[in-house]
Structures are given as structure tokens and as C-alpha cells.
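Just coords25.pdb here, PDB, C-alpha atoms:
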ATOM      1  CA  MET A 807       0.000   0.000   0.000
ATOM      2  CA  ASN A 808       1.339   3.415  -0.935
ATOM      3  CA  ASN A 809       1.346   5.688   2.133
ATOM      4  CA  ALA A 810       2.893   8.693   0.359
ATOM      5  CA  PRO A 811       0.897  11.923   0.810
ATOM      6  CA  ASN A 812      -1.426  12.821  -2.021
ATOM      7  CA  LEU A 813      -0.220  16.198  -3.278
ATOM      8  CA  GLU A 814      -2.883  18.195  -5.022
ATOM      9  CA  THR A 815      -1.995  19.382  -8.472
ATOM     10  CA  GLY A 816      -2.169  23.086  -9.080
ATOM     11  CA  SER A 817      -1.503  23.961  -5.453
ATOM     12  CA  LYS A 818      -0.573  27.566  -4.805
ATOM     13  CA  PRO A 819       3.143  28.351  -4.500
ATOM     14  CA  GLN A 820       4.414  29.490  -1.128
ATOM     15  CA  GLN A 821       4.113  33.219  -0.538
ATOM     16  CA  TYR A 822       6.157  35.545   1.635
ATOM     17  CA  CYS A 823       4.004  38.397   2.876
ATOM     18  CA  ALA A 824       4.224  41.646   4.820
ATOM     19  CA  VAL A 825       1.916  44.638   5.223
ATOM     20  CA  ASP A 826       3.553  48.050   4.897
ATOM     21  CA  VAL A 827       2.662  51.374   6.519
ATOM     22  CA  THR A 828       0.078  52.126   3.806
ATOM     23  CA  HIS A 829      -1.701  48.856   4.694
ATOM     24  CA  THR A 830      -0.628  47.426   1.350
ATOM     25  CA  GLU A 831       0.115  43.704   1.440
ATOM     26  CA  ILE A 832       3.407  42.801  -0.219
ATOM     27  CA  LYS A 833       3.330  39.248  -1.614
ATOM     28  CA  LEU A 834       6.381  37.481  -3.013
ATOM     29  CA  THR A 835       6.446  33.984  -4.474
ATOM     30  CA  GLN A 836      10.160  33.723  -3.708
ATOM     31  CA  LEU A 837      12.385  35.337  -1.109
ATOM     32  CA  ALA A 838      13.727  38.746  -2.134
ATOM     33  CA  LYS A 839      17.436  38.671  -2.951
ATOM     34  CA  ARG A 840      17.899  41.674  -5.236
ATOM     35  CA  ILE A 841      16.794  44.698  -3.218
ATOM     36  CA  VAL A 842      16.816  48.377  -4.133
ATOM     37  CA  CYS A 843      16.909  50.601  -1.049
ATOM     38  CA  LEU A 844      15.783  54.236  -1.184
ATOM     39  CA  THR A 845      16.119  55.147   2.505
ATOM     40  CA  ALA A 846      18.751  55.166   5.241
ATOM     41  CA  THR A 847      16.338  53.252   7.457
ATOM     42  CA  GLY A 848      16.024  50.529   4.853
ATOM     43  CA  LEU A 849      19.799  50.309   4.604
ATOM     44  CA  ASP A 850      19.996  49.982   8.383
ATOM     45  CA  ILE A 851      17.643  47.001   8.134
ATOM     46  CA  LEU A 852      19.649  45.328   5.374
ATOM     47  CA  VAL A 853      22.878  45.662   7.380
ATOM     48  CA  GLU A 854      21.241  44.063  10.398
ATOM     49  CA  LEU A 855      19.965  41.202   8.226
ATOM     50  CA  GLY A 856      23.374  40.594   6.663
ATOM     51  CA  LEU A 857      22.215  41.679   3.202
ATOM     52  CA  GLU A 858      23.487  44.158   0.622
ATOM     53  CA  PRO A 859      21.342  46.235  -1.741
ATOM     54  CA  VAL A 860      21.834  46.042  -5.501
ATOM     55  CA  GLY A 861      20.912  49.722  -5.688
ATOM     56  CA  TYR A 862      21.149  52.587  -3.217
ATOM     57  CA  LEU A 863      21.061  56.379  -3.114
ATOM     58  CA  SER A 864      23.722  58.508  -4.803
ATOM     59  CA  GLN A 865      24.365  60.063  -1.385
ATOM     60  CA  GLY A 866      23.722  58.351   1.918
ATOM     61  CA  ILE A 867      25.168  56.463   4.847
ATOM     62  CA  ALA A 868      26.257  53.297   3.007
ATOM     63  CA  SER A 869      29.946  54.260   2.882
ATOM     64  CA  ARG A 870      30.156  54.920   6.621
ATOM     65  CA  PRO A 871      32.347  52.352   8.403
ATOM     66  CA  GLU A 872      29.429  51.531  10.708
ATOM     67  CA  PHE A 873      27.561  50.262   7.643
ATOM     68  CA  TYR A 874      29.235  48.970   4.436
ATOM     69  CA  GLY A 875      32.384  51.080   4.179
ATOM     70  CA  GLU A 876      34.325  50.722   0.934
ATOM     71  CA  SER A 877      32.262  47.762  -0.249
ATOM     72  CA  SER A 878      29.378  50.189  -0.818
ATOM     73  CA  GLN A 879      31.155  51.380  -3.977
ATOM     74  CA  GLN A 880      29.792  48.340  -5.772
ATOM     75  CA  PHE A 881      26.175  49.396  -5.186
ATOM     76  CA  MET A 882      24.525  50.912  -8.231
ATOM     77  CA  SER A 883      23.455  54.520  -7.741
ATOM     78  CA  VAL A 884      19.698  54.850  -8.204
ATOM     79  CA  GLY A 885      19.351  58.598  -7.737
ATOM     80  CA  SER A 886      18.368  60.578  -4.688
ATOM     81  CA  TRP A 887      15.751  60.096  -1.988
ATOM     82  CA  MET A 888      13.434  62.698  -3.526
ATOM     83  CA  MET A 889      14.247  61.930  -7.162
ATOM     84  CA  PRO A 890      14.901  58.217  -7.758
ATOM     85  CA  ASN A 891      16.290  57.189 -11.134
ATOM     86  CA  PHE A 892      13.552  54.968 -12.576
ATOM     87  CA  SER A 893      15.719  53.589 -15.366
ATOM     88  CA  ALA A 894      18.575  52.711 -13.008
ATOM     89  CA  ILE A 895      16.174  50.971 -10.633
ATOM     90  CA  GLN A 896      14.691  48.928 -13.469
ATOM     91  CA  ASN A 897      18.174  47.958 -14.668
ATOM     92  CA  THR A 898      18.978  46.369 -11.303
ATOM     93  CA  GLN A 899      16.135  43.870 -11.888
ATOM     94  CA  PRO A 900      15.043  44.040  -8.244
ATOM     95  CA  ASP A 901      12.861  41.559  -6.397
ATOM     96  CA  LEU A 902      11.884  44.254  -3.893
ATOM     97  CA  ILE A 903      12.120  48.019  -3.501
ATOM     98  CA  ILE A 904      12.268  49.548  -0.002
ATOM     99  CA  GLY A 905      11.047  53.144   0.211
ATOM    100  CA  TRP A 906       9.573  55.684   2.604
ATOM    101  CA  VAL A 907       5.903  56.621   2.519
ATOM    102  CA  PHE A 908       6.885  60.171   1.522
ATOM    103  CA  PRO A 909       7.806  60.652  -1.238
ATOM    104  CA  HIS A 910       7.873  57.127  -2.637
ATOM    105  CA  ARG A 911       4.161  56.383  -2.394
ATOM    106  CA  PHE A 912       3.730  58.695  -5.384
ATOM    107  CA  TYR A 913       5.969  56.432  -7.443
ATOM    108  CA  ARG A 914       4.315  53.102  -6.631
ATOM    109  CA  TRP A 915       2.282  53.137  -9.853
ATOM    110  CA  TRP A 916       5.414  53.707 -11.954
ATOM    111  CA  TRP A 917       7.129  50.706 -10.372
ATOM    112  CA  ARG A 918       4.150  48.385 -10.662
ATOM    113  CA  ASN A 919       5.845  46.358 -13.432
ATOM    114  CA  THR A 920       9.347  46.513 -11.907
ATOM    115  CA  ALA A 921       9.016  45.093  -8.398
ATOM    116  CA  PRO A 922       6.811  45.306  -5.289
ATOM    117  CA  ILE A 923       7.631  48.309  -3.109
ATOM    118  CA  TYR A 924       7.501  48.109   0.667
ATOM    119  CA  LEU A 925       6.849  51.585   2.080
ATOM    120  CA  MET A 926       8.018  52.473   5.570
ATOM    121  CA  GLY A 927       6.838  55.254   7.832
ATOM    122  CA  GLY A 928       5.938  56.208  11.352
ATOM    123  CA  SER A 929       8.150  56.607  14.378
ATOM    124  CA  GLY A 930       8.836  54.980  17.707
ATOM    125  CA  PHE A 931      10.709  51.886  18.838
ATOM    126  CA  ASP A 932       7.841  49.493  18.081
ATOM    127  CA  ALA A 933       7.645  50.727  14.483
ATOM    128  CA  THR A 934      11.400  50.168  14.155
ATOM    129  CA  LEU A 935      11.084  46.535  15.194
ATOM    130  CA  ARG A 936       8.031  45.978  13.001
ATOM    131  CA  ARG A 937       9.838  47.197   9.867
ATOM    132  CA  LEU A 938      12.836  45.001  10.612
ATOM    133  CA  ARG A 939      10.659  41.916  11.027
ATOM    134  CA  ASP A 940       8.679  42.695   7.858
ATOM    135  CA  ILE A 941      11.775  42.861   5.658
ATOM    136  CA  ALA A 942      13.135  39.758   7.393
ATOM    137  CA  GLN A 943       9.907  37.953   6.474
ATOM    138  CA  LEU A 944      10.336  38.947   2.811
ATOM    139  CA  THR A 945      14.004  37.919   2.702
ATOM    140  CA  GLY A 946      14.029  34.808   4.868
ATOM    141  CA  ARG A 947      16.205  36.429   7.541
ATOM    142  CA  MET A 948      14.008  36.200  10.623
ATOM    143  CA  ALA A 949      16.783  34.693  12.770
ATOM    144  CA  GLU A 950      19.048  37.654  11.942
ATOM    145  CA  ALA A 951      16.223  40.082  12.725
ATOM    146  CA  GLU A 952      15.550  38.548  16.128
ATOM    147  CA  ALA A 953      19.276  38.602  16.912
ATOM    148  CA  ALA A 954      19.431  42.328  16.091
ATOM    149  CA  ILE A 955      16.384  42.970  18.274
ATOM    150  CA  MET A 956      17.957  41.078  21.159
ATOM    151  CA  ARG A 957      21.126  43.192  20.816
ATOM    152  CA  ILE A 958      19.369  46.548  20.957
ATOM    153  CA  GLU A 959      17.021  45.477  23.748
ATOM    154  CA  ALA A 960      19.979  44.186  25.776
ATOM    155  CA  LYS A 961      21.809  47.484  25.229
ATOM    156  CA  ILE A 962      18.821  49.536  26.372
ATOM    157  CA  GLN A 963      18.378  47.306  29.407
ATOM    158  CA  ALA A 964      22.068  47.589  30.335
ATOM    159  CA  TYR A 965      21.880  51.387  30.239
ATOM    160  CA  ARG A 966      18.598  51.364  32.160
ATOM    161  CA  LEU A 967      20.072  49.289  34.980
ATOM    162  CA  ALA A 968      23.242  51.393  35.112
ATOM    163  CA  ILE A 969      21.440  54.722  35.591
ATOM    164  CA  PRO A 970      19.912  55.346  39.037
ATOM    165  CA  GLU A 971      16.394  56.744  38.825
ATOM    166  CA  HIS A 972      17.251  59.781  40.959
ATOM    167  CA  GLU A 973      20.159  60.763  38.684
ATOM    168  CA  ARG A 974      18.206  60.878  35.445
ATOM    169  CA  LYS A 975      18.732  64.174  33.626
ATOM    170  CA  ILE A 976      16.322  66.169  31.502
ATOM    171  CA  VAL A 977      17.393  65.737  27.874
ATOM    172  CA  LEU A 978      16.312  67.562  24.726
ATOM    173  CA  MET A 979      16.954  66.666  21.083
ATOM    174  CA  MET A 980      16.285  69.704  18.897
ATOM    175  CA  GLY A 981      17.144  70.835  15.411
ATOM    176  CA  GLY A 982      16.718  73.644  12.988
ATOM    177  CA  SER A 983      18.230  75.979  10.449
ATOM    178  CA  THR A 984      18.486  79.691   9.837
ATOM    179  CA  LEU A 985      14.812  79.594   8.876
ATOM    180  CA  ASN A 986      13.913  78.300  12.325
ATOM    181  CA  CYS A 987      15.910  81.086  13.915
ATOM    182  CA  LEU A 988      13.846  83.569  11.928
ATOM    183  CA  SER A 989      10.536  81.927  12.834
ATOM    184  CA  GLN A 990      11.633  81.344  16.447
ATOM    185  CA  LYS A 991      10.180  77.824  16.289
ATOM    186  CA  PHE A 992      12.520  74.842  16.521
ATOM    187  CA  ILE A 993      12.062  71.189  15.612
ATOM    188  CA  ILE A 994      11.812  68.990  18.697
ATOM    189  CA  GLU A 995      11.758  65.202  18.715
ATOM    190  CA  THR A 996       8.928  64.038  20.967
ATOM    191  CA  ASP A 997       8.758  61.031  23.247
ATOM    192  CA  ALA A 998       6.904  59.255  20.427
ATOM    193  CA  GLY A 999       9.874  59.656  18.076
ATOM    194  CA  THR A1000      12.284  56.785  17.522
ATOM    195  CA  PHE A1001      15.087  58.285  19.604
ATOM    196  CA  GLY A1002      12.674  59.906  22.055
ATOM    197  CA  SER A1003      10.816  56.648  22.712
ATOM    198  CA  VAL A1004      14.106  55.046  23.764
ATOM    199  CA  ILE A1005      15.811  57.888  25.621
ATOM    200  CA  LYS A1006      12.712  58.435  27.785
ATOM    201  CA  GLN A1007      13.524  55.056  29.342
ATOM    202  CA  LEU A1008      16.995  56.314  30.303
ATOM    203  CA  ALA A1009      16.438  59.995  31.113
ATOM    204  CA  GLN A1010      13.696  62.506  31.691
ATOM    205  CA  TYR A1011      12.280  63.370  28.278
ATOM    206  CA  PRO A1012       9.191  65.558  28.855
ATOM    207  CA  TRP A1013       8.577  66.459  25.208
ATOM    208  CA  SER A1014       5.166  65.031  24.367
ATOM    209  CA  GLU A1015       3.480  64.465  21.042
ATOM    210  CA  PRO A1016       1.141  67.383  20.229
ATOM    211  CA  MET A1017      -2.604  66.716  20.199
ATOM    212  CA  THR A1018      -3.069  68.182  16.708
ATOM    213  CA  LYS A1019      -2.741  65.901  13.689
ATOM    214  CA  ASN A1020      -1.116  68.324  11.255
ATOM    215  CA  HIS A1021       2.462  67.471  12.189
ATOM    216  CA  GLU A1022       5.061  64.880  11.315
ATOM    217  CA  PRO A1023       4.748  61.946  13.727
ATOM    218  CA  GLY A1024       7.441  62.014  16.392
ATOM    219  CA  PHE A1025       8.156  65.738  16.084
ATOM    220  CA  THR A1026       6.781  69.058  17.214
ATOM    221  CA  SER A1027       7.808  72.723  17.099
ATOM    222  CA  LEU A1028       8.587  74.767  20.198
ATOM    223  CA  SER A1029       9.852  78.260  20.905
ATOM    224  CA  LEU A1030      12.828  78.991  23.124
ATOM    225  CA  LYS A1031      10.403  80.351  25.698
ATOM    226  CA  GLU A1032       8.616  76.979  25.808
ATOM    227  CA  ILE A1033      11.939  75.149  26.055
ATOM    228  CA  LEU A1034      13.027  77.449  28.885
ATOM    229  CA  GLN A1035       9.900  76.535  30.857
ATOM    230  CA  VAL A1036      11.277  72.989  31.086
ATOM    231  CA  ASN A1037      14.928  74.100  31.189
ATOM    232  CA  PRO A1038      16.661  70.832  30.189
ATOM    233  CA  ASP A1039      19.970  69.722  31.712
ATOM    234  CA  ILE A1040      21.473  68.747  28.375
ATOM    235  CA  ILE A1041      20.627  69.618  24.768
ATOM    236  CA  PHE A1042      21.612  67.829  21.575
ATOM    237  CA  VAL A1043      21.382  70.042  18.511
ATOM    238  CA  GLN A1044      21.219  69.116  14.850
ATOM    239  CA  THR A1045      21.806  71.820  12.271
ATOM    240  CA  TYR A1046      19.760  71.411   9.111
ATOM    241  CA  PRO A1047      20.504  72.780   5.631
ATOM    242  CA  PRO A1048      20.849  75.380   4.318
ATOM    243  CA  SER A1049      22.590  76.693   7.438
ATOM    244  CA  PRO A1050      26.391  76.909   7.056
ATOM    245  CA  VAL A1051      26.777  77.834  10.742
ATOM    246  CA  PRO A1052      25.891  75.446  13.590
ATOM    247  CA  LEU A1053      22.495  76.230  15.074
ATOM    248  CA  SER A1054      23.887  76.592  18.599
ATOM    249  CA  GLN A1055      26.260  79.292  17.345
ATOM    250  CA  GLN A1056      23.412  81.113  15.618
ATOM    251  CA  LEU A1057      21.553  81.166  18.936
ATOM    252  CA  ALA A1058      24.572  82.159  21.029
ATOM    253  CA  LYS A1059      23.485  85.795  21.440
ATOM    254  CA  ASN A1060      19.796  85.077  21.941
ATOM    255  CA  PRO A1061      18.803  86.172  25.499
ATOM    256  CA  LEU A1062      16.380  83.280  26.004
ATOM    257  CA  TRP A1063      18.945  80.754  24.793
ATOM    258  CA  ARG A1064      21.528  82.130  27.181
ATOM    259  CA  GLN A1065      19.137  81.675  30.124
ATOM    260  CA  LEU A1066      19.013  77.908  29.631
ATOM    261  CA  LYS A1067      21.032  76.081  32.304
ATOM    262  CA  SER A1068      22.320  73.640  29.708
ATOM    263  CA  VAL A1069      23.836  76.594  27.859
ATOM    264  CA  GLN A1070      25.226  78.144  31.043
ATOM    265  CA  ASN A1071      26.721  74.785  32.090
ATOM    266  CA  HIS A1072      28.168  74.089  28.623
ATOM    267  CA  GLN A1073      25.941  71.058  28.179
ATOM    268  CA  VAL A1074      24.915  71.774  24.589
ATOM    269  CA  TYR A1075      26.265  69.384  21.953
ATOM    270  CA  GLU A1076      26.022  69.709  18.202
ATOM    271  CA  VAL A1077      25.503  66.224  16.771
ATOM    272  CA  ASP A1078      26.176  64.885  13.312
ATOM    273  CA  GLN A1079      22.991  64.469  11.283
ATOM    274  CA  PHE A1080      24.321  61.004  10.483
ATOM    275  CA  TRP A1081      23.281  59.991  13.987
ATOM    276  CA  HIS A1082      19.679  60.651  13.136
ATOM    277  CA  SER A1083      19.488  59.789   9.452
ATOM    278  CA  GLY A1084      17.799  56.457  10.055
ATOM    279  CA  ASN A1085      15.276  54.832  12.315
ATOM    280  CA  GLY A1086      16.754  51.357  12.550
ATOM    281  CA  THR A1087      18.144  49.212  15.332
ATOM    282  CA  ARG A1088      21.754  49.697  14.257
ATOM    283  CA  MET A1089      21.463  53.481  14.222
ATOM    284  CA  LEU A1090      19.748  53.441  17.608
ATOM    285  CA  GLY A1091      22.648  51.470  19.076
ATOM    286  CA  LEU A1092      25.165  53.930  17.618
ATOM    287  CA  ILE A1093      23.206  56.900  18.954
ATOM    288  CA  LEU A1094      23.043  55.457  22.459
ATOM    289  CA  ASP A1095      26.734  54.558  22.564
ATOM    290  CA  GLN A1096      27.751  58.069  21.517
ATOM    291  CA  LEU A1097      25.186  60.167  23.382
ATOM    292  CA  MET A1098      24.785  58.375  26.695
ATOM    293  CA  PRO A1099      28.395  59.058  27.838
ATOM    294  CA  MET A1100      27.674  62.761  27.246
ATOM    295  CA  VAL A1101      24.525  62.626  29.348
ATOM    296  CA  TYR A1102      26.139  60.511  32.069
ATOM    297  CA  PRO A1103      29.948  60.950  31.951
ATOM    298  CA  GLN A1104      30.329  58.694  34.989
ATOM    299  CA  LEU A1105      28.576  55.841  33.198
ATOM    300  CA  ILE A1106      30.877  52.922  32.436
ATOM    301  CA  LEU A1107      29.561  49.771  30.792
ATOM    302  CA  SER A1108      31.781  46.780  30.195
TER     303      SER A1108
END

For this file, produce the structure as C-alpha cells.
Amino acid sequence: MNNAPNLETGSKPQQYCAVDVTHTEIKLTQLAKRIVCLTATGLDILVELGLEPVGYLSQGIASRPEFYGESSQQFMSVGSWMMPNFSAIQNTQPDLIIGWVFPHRFYRWWWRNTAPIYLMGGSGFDATLRRLRDIAQLTGRMAEAEAAIMRIEAKIQAYRLAIPEHERKIVLMMGGSTLNCLSQKFIIETDAGTFGSVIKQLAQYPWSEPMTKNHEPGFTSLSLKEILQVNPDIIFVQTYPPSPVPLSQQLAKNPLWRQLKSVQNHQVYEVDQFWHSGNGTRMLGLILDQLMPMVYPQLILS
């Protein structure tokens, strides 16, 4: 008697699925191997999964030693974040395109015959982990994803245990350009932002998400007067284009700025925009390792 299972003819091939931030279901009949990446966050994910893109941005973080270094020179340039090169992307013959909801949702129709596009968006630590797991599902790298998650969670926990509750400082991450100096409103990452959602576990981070909906998730705008009402112990500043002069220097003569105790105590640090150019687990680890010793100089982790 033949006990072999009876396999139905015409059975559906296995599918690898994920739902992106636009609630679009991405379905692949085979694991994605050739991936075009249009965001720093997507590149962060690929590094954590042990993958390399076949196409990446003409300018970005790929060449940084924390990511691909010199080996990134072999990646095909597929244009910029705002203006992808459609022909170059098609020439890579991708299995999957990783983009950000803005601006790449507007291009989804144009890529419909090239490859599925997974669009990322949102902010916060949970969103970071969800994106990583989604791309892992589409590439067959779930073990690598879970290992990366364990690393960042262990790092956060180690810092949390090393910092006594009563010693936690008030931290602010702000940014802006000359335009913000003119408007007197500065970009503040909230406690719902990717960095903010993590640092609030390790410091006092009283910068809440605004109630209104007409703002970018994870960010708000505050005046120096509003910042002074909280009066943070330490401020990290990012200077945005087109400013040629660091934002903290532009504010140096502002009376309200000079009243801040972080300014008076020389606890204002200009940070490289590289530190905040992605919302992935690798970038979060780099941010913590570079910023936490500034917040807590006495902190020593083996």
C-alpha cells in the first residue's frame, strides 16, 4: 500500500508576505534577494539582516564604516531620496524596492511592473522593530532580525540598569536651520519619536506628542520660551541645511537661549545628522553609545 501523501496538483506556490505602513500587502512567491533601497532606514535594516542592496542612493550612509564602508562602492546609484532614477532601478532587476511613505508612495504606480515596493513610515521603537521583522519575512532572515532585536534590547536594558532613577537628567533633542531662527520655532523630537521613545527610558524626556494631527509623527515645534519653561539639563542640537553655521552658534546671542542652564553649564552638543538619518536598530545602538556618555559621563559599561 502506498502511504505517500497525495499532493494536489495546481496547489498555490508558497508566498512571503508583509503589510507596509500604507496597509498594502506585499506578496512574493520567492524570497527577495535583489533589493533596491531608497532610505537610510532601509539600509539599516539590510545591514542588520546581513544583506546588501543592488541599488542605493547617490548620497547616503552606506559608505560609513558603521555600515558597508568601501564595499558600498559596488552598489549601483539609483538617484536621490526625492528623485529616484527609474531607469537605473529597473536595470537592477530588483525583487523588492524599499522606500519611505513620503515621497515614494507617489511612485508606486510607476514601479508596478518593476518590483513590489515596501513603504516604511511612522516613528517609535515598536515601528522600528516591526519594519525590521517585515523585511526579514520577505528575505528569509528572521533569525538575523531577532538577533538584532535582542542586541538593541539588551543594550537599552544595560543602560537602564546602570542609571539610578534619581540621577536621570532632563534631555532635549532639537534641530533647525536659519529659517527656524527667523521663525523662532525649533524642531523637537517628541517622546513618540524613535530616539525619544528610547531615551525616555533612560532619562527625563518631557517632550510630548502634540494633540493636533497636522504634524510629522514624532516631532513638534517649540519656541525657546517653551523650552526654557522645562529648562533641560542637556541639549543635543542638529543643524539642518541650508545653514552653514551650527544652530547653537546662531543662537549664542539670543537672550532666552543664554538663560538655559544647559547653555550656562556648557551642556549643549552639536551632533552629526548622520546619527539621526535612520530609524533602525543599528542606528539606535550607535546613537546610544555616543550620546549616553555625554549625558552621564560617569557611566561605564563593560

*Hey, can you check how far CA of Pro1050 in chain A sits from CA of Trp1063 in chain A?*
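Distance reported for this atom pair: 19.6 Å.
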
*Extract, using all atoms listed in the file, all DNA, RNA and protein residues at most 8 Å from range 928-935 of chain A, discarding same-chain residues fewer than 6 positions from it, and format them as a list in words.*
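Near range 928-935 of chain A, the qualifying residues are Val827, Ile955, Ala998, Gly999, Thr1000, Phe1001, Gly1002, Ser1003, Val1004, Pro1023, Gly1024, Asn1085, Gly1086 and Thr1087 of chain A.
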
*From A:Leu1030, A:Ile993, A:Ala824, A:Ile941, residue lying nearest Leu849 in chain A [only C-alpha atoms]*: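 Residue with the minimum atom-to-atom distance to Leu849 in chain A: A:Ile941.
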
*For CA of Arg840 in chain A and CA of Leu1092 in chain A, quote the distance in Å rounded to one decimal.*
26.9 Å

*Return as a PyMOL selection string the set of residues that the PyMOL selection byres ((chain A and resi 860) around 10) yields on the displayed structure.*
chain A and resi 839-843+857-859+861-862+878+880-884+895+898-900

Could you please take those selected residues and save C-alpha atoms as a compact mmCIF listing (two decimals), in the frame of the given file?
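Heads up, here's the output in part34.txt:
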# COMPACT_ATOMS: atom_id res chain seq x y z
CA LYS A 839 17.44 38.67 -2.95
CA ARG A 840 17.90 41.67 -5.24
CA ILE A 841 16.79 44.70 -3.22
CA VAL A 842 16.82 48.38 -4.13
CA CYS A 843 16.91 50.60 -1.05
CA LEU A 857 22.22 41.68 3.20
CA GLU A 858 23.49 44.16 0.62
CA PRO A 859 21.34 46.24 -1.74
CA GLY A 861 20.91 49.72 -5.69
CA TYR A 862 21.15 52.59 -3.22
CA SER A 878 29.38 50.19 -0.82
CA GLN A 880 29.79 48.34 -5.77
CA PHE A 881 26.18 49.40 -5.19
CA MET A 882 24.52 50.91 -8.23
CA SER A 883 23.46 54.52 -7.74
CA VAL A 884 19.70 54.85 -8.20
CA ILE A 895 16.17 50.97 -10.63
CA THR A 898 18.98 46.37 -11.30
CA GLN A 899 16.14 43.87 -11.89
CA PRO A 900 15.04 44.04 -8.24

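By all atoms listed in the file, and with residues fewer than 4 positions from Lys1067 in chain A along its chain excluded, the set lying at most 10 Å from it is Leu1034, Asn1037, Pro1038, Asp1039, Ile1040, Ile1041, Trp1063, Asn1071, His1072, Gln1073 and Val1074 of chain A.
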
*If we count only C-alpha atoms, what is near Met956 in chain A at a cut-off of 12 Å, once residues fewer than 4 positions away on the same chain are taken out, given as a ChimeraX atom specification?*
/A:854,935,949-952,960-964,1087-1088,1091

*Nearest to Ile1093 in chain A: which of A:Pro922, A:Phe892, A:Ser886, A:Glu872 is it, counting only C-alpha atoms?*
A:Glu872

*What does the distance from CA of Asp850 in chain A to CA of Cys823 in chain A come to in Å, to one decimal?*
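Separation of CA of Asp850 in chain A and CA of Cys823 in chain A: 20.5 Å.
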
What box, with edges along x, y and z, holds each listed atom of range 1022-1027 of chain A when 6 Å is added on every side, and can you state its centre and edge lengths in Å to one decimal, as lines of an AutoDock Vina configuration file?
center_x = 6.5
center_y = 67.3
center_z = 14.3
size_x = 15.4
size_y = 22.8
size_z = 17.9

*Excluding same-chain residues fewer than 4 positions from Ile994 in chain A, what lies within 8 Å of it counting only C-alpha atoms, as an MDAnalysis selection string?*
chainID A and resid 978:981 1013 1025:1028

Those same residues, written as an mmCIF file, in the coordinates of the input with C-alpha atoms?
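Result file is selection_33.cif:
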data_model
loop_
_atom_site.group_PDB
_atom_site.id
_atom_site.type_symbol
_atom_site.label_atom_id
_atom_site.label_comp_id
_atom_site.auth_asym_id
_atom_site.auth_seq_id
_atom_site.Cartn_x
_atom_site.Cartn_y
_atom_site.Cartn_z
ATOM 1 C CA LEU A 978 16.312 67.562 24.726
ATOM 2 C CA MET A 979 16.954 66.666 21.083
ATOM 3 C CA MET A 980 16.285 69.704 18.897
ATOM 4 C CA GLY A 981 17.144 70.835 15.411
ATOM 5 C CA TRP A 1013 8.577 66.459 25.208
ATOM 6 C CA PHE A 1025 8.156 65.738 16.084
ATOM 7 C CA THR A 1026 6.781 69.058 17.214
ATOM 8 C CA SER A 1027 7.808 72.723 17.099
ATOM 9 C CA LEU A 1028 8.587 74.767 20.198
#

_I need the output of the PyMOL selection byres ((chain A and resi 1101) around 8) for this file as a VMD selection string; which residues are they?_
chain A and resid 975 977 1040 1097 to 1100 1102 to 1103

Could you write range 1068-1081 of chain A as a PDB file, in the frame of the given file, with N, CA and C atoms rebuilt where they are missing?
ATOM      1  N   SER A1068      21.448  74.489  30.524  1.00  0.00           N
ATOM      2  CA  SER A1068      22.320  73.640  29.708  1.00  0.00           C
ATOM      3  C   SER A1068      23.329  74.491  28.945  1.00  0.00           C
ATOM      4  N   VAL A1069      22.921  75.672  28.531  1.00  0.00           N
ATOM      5  CA  VAL A1069      23.836  76.594  27.859  1.00  0.00           C
ATOM      6  C   VAL A1069      24.835  77.157  28.869  1.00  0.00           C
ATOM      7  N   GLN A1070      24.349  77.581  30.015  1.00  0.00           N
ATOM      8  CA  GLN A1070      25.226  78.144  31.043  1.00  0.00           C
ATOM      9  C   GLN A1070      26.224  77.126  31.561  1.00  0.00           C
ATOM     10  N   ASN A1071      25.835  75.845  31.585  1.00  0.00           N
ATOM     11  CA  ASN A1071      26.721  74.785  32.090  1.00  0.00           C
ATOM     12  C   ASN A1071      27.508  74.086  30.990  1.00  0.00           C
ATOM     13  N   HIS A1072      27.438  74.658  29.774  1.00  0.00           N
ATOM     14  CA  HIS A1072      28.168  74.089  28.623  1.00  0.00           C
ATOM     15  C   HIS A1072      27.770  72.641  28.367  1.00  0.00           C
ATOM     16  N   GLN A1073      26.476  72.398  28.435  1.00  0.00           N
ATOM     17  CA  GLN A1073      25.941  71.058  28.179  1.00  0.00           C
ATOM     18  C   GLN A1073      25.072  71.052  26.912  1.00  0.00           C
ATOM     19  N   VAL A1074      25.553  71.762  25.898  1.00  0.00           N
ATOM     20  CA  VAL A1074      24.915  71.774  24.589  1.00  0.00           C
ATOM     21  C   VAL A1074      25.878  71.138  23.597  1.00  0.00           C
ATOM     22  N   TYR A1075      25.402  70.132  22.861  1.00  0.00           N
ATOM     23  CA  TYR A1075      26.265  69.384  21.953  1.00  0.00           C
ATOM     24  C   TYR A1075      25.664  69.353  20.551  1.00  0.00           C
ATOM     25  N   GLU A1076      26.413  69.857  19.602  1.00  0.00           N
ATOM     26  CA  GLU A1076      26.022  69.709  18.202  1.00  0.00           C
ATOM     27  C   GLU A1076      26.311  68.262  17.795  1.00  0.00           C
ATOM     28  N   VAL A1077      25.328  67.612  17.178  1.00  0.00           N
ATOM     29  CA  VAL A1077      25.503  66.224  16.771  1.00  0.00           C
ATOM     30  C   VAL A1077      25.406  66.107  15.261  1.00  0.00           C
ATOM     31  N   ASP A1078      26.160  65.166  14.735  1.00  0.00           N
ATOM     32  CA  ASP A1078      26.176  64.885  13.312  1.00  0.00           C
ATOM     33  C   ASP A1078      24.789  64.403  12.884  1.00  0.00           C
ATOM     34  N   GLN A1079      24.293  64.922  11.767  1.00  0.00           N
ATOM     35  CA  GLN A1079      22.991  64.469  11.283  1.00  0.00           C
ATOM     36  C   GLN A1079      23.006  62.978  10.964  1.00  0.00           C
ATOM     37  N   PHE A1080      24.189  62.442  10.715  1.00  0.00           N
ATOM     38  CA  PHE A1080      24.321  61.004  10.483  1.00  0.00           C
ATOM     39  C   PHE A1080      23.686  60.205  11.609  1.00  0.00           C
ATOM     40  N   TRP A1081      23.803  60.716  12.836  1.00  0.00           N
ATOM     41  CA  TRP A1081      23.281  59.991  13.987  1.00  0.00           C
ATOM     42  C   TRP A1081      21.766  59.822  13.915  1.00  0.00           C
TER      43      TRP A1081
END
